[in-house]
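What follows is one structure encoded as structure tokens, with my remarks underneath.
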Amino acid sequence: MPRRNPKGSDSSRGWKGRLGRKAKGSLYVTRFDKPEGKSPSLKPGDLIEVLVQSVNRRGEGEGVYRGRPVVIVGAADPGITVTAKIRKIVGGKIIAEIVGTH
């Protein structure tokens, strides 16, 4: 038999808040965790500028563009900002090929 709340009030109104202990997500959201509004949608053929952060085993450059991981075919030097043309977007990951360097 479940225990009753000794005060007789709703048990979800305690220090846990009205969502209770099974609340999903974080209670504390910093301004860095919030999305930057609606970004324009990306599609194949768009040009983007990406900082190459690392190189994967295939020799392709890897970086991040607006929170999405980017694989840049043809970019092999980390630390260089490149202009890349989007080939395709698969599961949130952007596949692009190098067009030029800065």
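Letters for chains follow the order of the structure tokens (A, B, ...), residue numbers begin at 1 for each chain, and ligand numbers begin at 1 in the order shown.
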
Would you mind writing down, as a PDB file with N, CA and C atoms, in the first residue's frame, each residue of segment 43-72 of chain A that DSSP on the backbone assigns to strand (DSSP E)?
```pdb
ATOM      1  N   LEU A  47      27.230  27.366 -49.857  1.00  0.00           N
ATOM      2  CA  LEU A  47      28.613  27.555 -49.454  1.00  0.00           C
ATOM      3  C   LEU A  47      28.661  27.945 -47.984  1.00  0.00           C
ATOM      4  N   ILE A  48      29.580  27.326 -47.238  1.00  0.00           N
ATOM      5  CA  ILE A  48      29.746  27.626 -45.815  1.00  0.00           C
ATOM      6  C   ILE A  48      31.228  27.825 -45.519  1.00  0.00           C
ATOM      7  N   GLU A  49      31.517  28.581 -44.466  1.00  0.00           N
ATOM      8  CA  GLU A  49      32.892  28.753 -44.006  1.00  0.00           C
ATOM      9  C   GLU A  49      33.051  27.999 -42.700  1.00  0.00           C
ATOM     10  N   VAL A  50      34.046  27.111 -42.655  1.00  0.00           N
ATOM     11  CA  VAL A  50      34.243  26.235 -41.503  1.00  0.00           C
ATOM     12  C   VAL A  50      35.710  26.227 -41.113  1.00  0.00           C
ATOM     13  N   LEU A  51      35.966  26.234 -39.803  1.00  0.00           N
ATOM     14  CA  LEU A  51      37.320  26.065 -39.282  1.00  0.00           C
ATOM     15  C   LEU A  51      37.581  24.572 -39.158  1.00  0.00           C
ATOM     16  N   SER A  54      40.039  19.141 -36.865  1.00  0.00           N
ATOM     17  CA  SER A  54      40.830  17.916 -36.801  1.00  0.00           C
ATOM     18  C   SER A  54      40.750  17.198 -38.138  1.00  0.00           C
ATOM     19  N   VAL A  55      41.498  16.109 -38.232  1.00  0.00           N
ATOM     20  CA  VAL A  55      41.510  15.295 -39.443  1.00  0.00           C
ATOM     21  C   VAL A  55      41.137  13.873 -39.043  1.00  0.00           C
ATOM     22  N   GLY A  61      38.913  16.654 -43.408  1.00  0.00           N
ATOM     23  CA  GLY A  61      38.844  17.618 -42.329  1.00  0.00           C
ATOM     24  C   GLY A  61      37.506  17.532 -41.604  1.00  0.00           C
ATOM     25  N   GLU A  62      37.528  17.827 -40.305  1.00  0.00           N
ATOM     26  CA  GLU A  62      36.303  17.831 -39.512  1.00  0.00           C
ATOM     27  C   GLU A  62      36.190  19.159 -38.790  1.00  0.00           C
ATOM     28  N   GLY A  63      34.975  19.669 -38.729  1.00  0.00           N
ATOM     29  CA  GLY A  63      34.711  20.926 -38.040  1.00  0.00           C
ATOM     30  C   GLY A  63      33.264  20.980 -37.606  1.00  0.00           C
ATOM     31  N   VAL A  64      32.848  22.163 -37.144  1.00  0.00           N
ATOM     32  CA  VAL A  64      31.476  22.367 -36.685  1.00  0.00           C
ATOM     33  C   VAL A  64      30.942  23.641 -37.328  1.00  0.00           C
ATOM     34  N   TYR A  65      29.729  23.564 -37.863  1.00  0.00           N
ATOM     35  CA  TYR A  65      29.062  24.726 -38.445  1.00  0.00           C
ATOM     36  C   TYR A  65      27.684  24.848 -37.819  1.00  0.00           C
ATOM     37  N   ARG A  68      26.417  21.849 -35.937  1.00  0.00           N
ATOM     38  CA  ARG A  68      26.366  20.578 -36.658  1.00  0.00           C
ATOM     39  C   ARG A  68      27.770  20.137 -37.034  1.00  0.00           C
ATOM     40  N   PRO A  69      28.073  18.852 -36.900  1.00  0.00           N
ATOM     41  CA  PRO A  69      29.388  18.381 -37.333  1.00  0.00           C
ATOM     42  C   PRO A  69      29.494  18.408 -38.853  1.00  0.00           C
ATOM     43  N   VAL A  70      30.689  18.753 -39.331  1.00  0.00           N
ATOM     44  CA  VAL A  70      30.935  18.867 -40.773  1.00  0.00           C
ATOM     45  C   VAL A  70      32.147  18.021 -41.131  1.00  0.00           C
ATOM     46  N   VAL A  71      32.025  17.234 -42.194  1.00  0.00           N
ATOM     47  CA  VAL A  71      33.153  16.500 -42.761  1.00  0.00           C
ATOM     48  C   VAL A  71      33.480  17.174 -44.084  1.00  0.00           C
ATOM     49  N   ILE A  72      34.742  17.644 -44.216  1.00  0.00           N
ATOM     50  CA  ILE A  72      35.146  18.394 -45.395  1.00  0.00           C
ATOM     51  C   ILE A  72      36.129  17.553 -46.203  1.00  0.00           C
TER      52      ILE A  72
END
```

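Straight-line separation from atom CA of Arg58 of chain A to atom CA of Ser41 of chain A: 28.1 Å.
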
Which residues, written as JSON, numbers by chain, have at least one atom at most 9 Å from Ile80 of chain A, with only C-alpha atoms counted and residues fewer than 4 positions away on the same chain left out?
{"A": [50, 51, 52, 53, 75, 101, 102]}

In terms of the shortest atom-to-atom distance over only C-alpha atoms, which of A:Ile94, A:Pro44, A:Gly100, A:Gly59 is closest to Ala76 of chain A?
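Comparing A:Ile94, A:Pro44, A:Gly100, A:Gly59 against Ala76 of chain A, the winner is A:Gly59.
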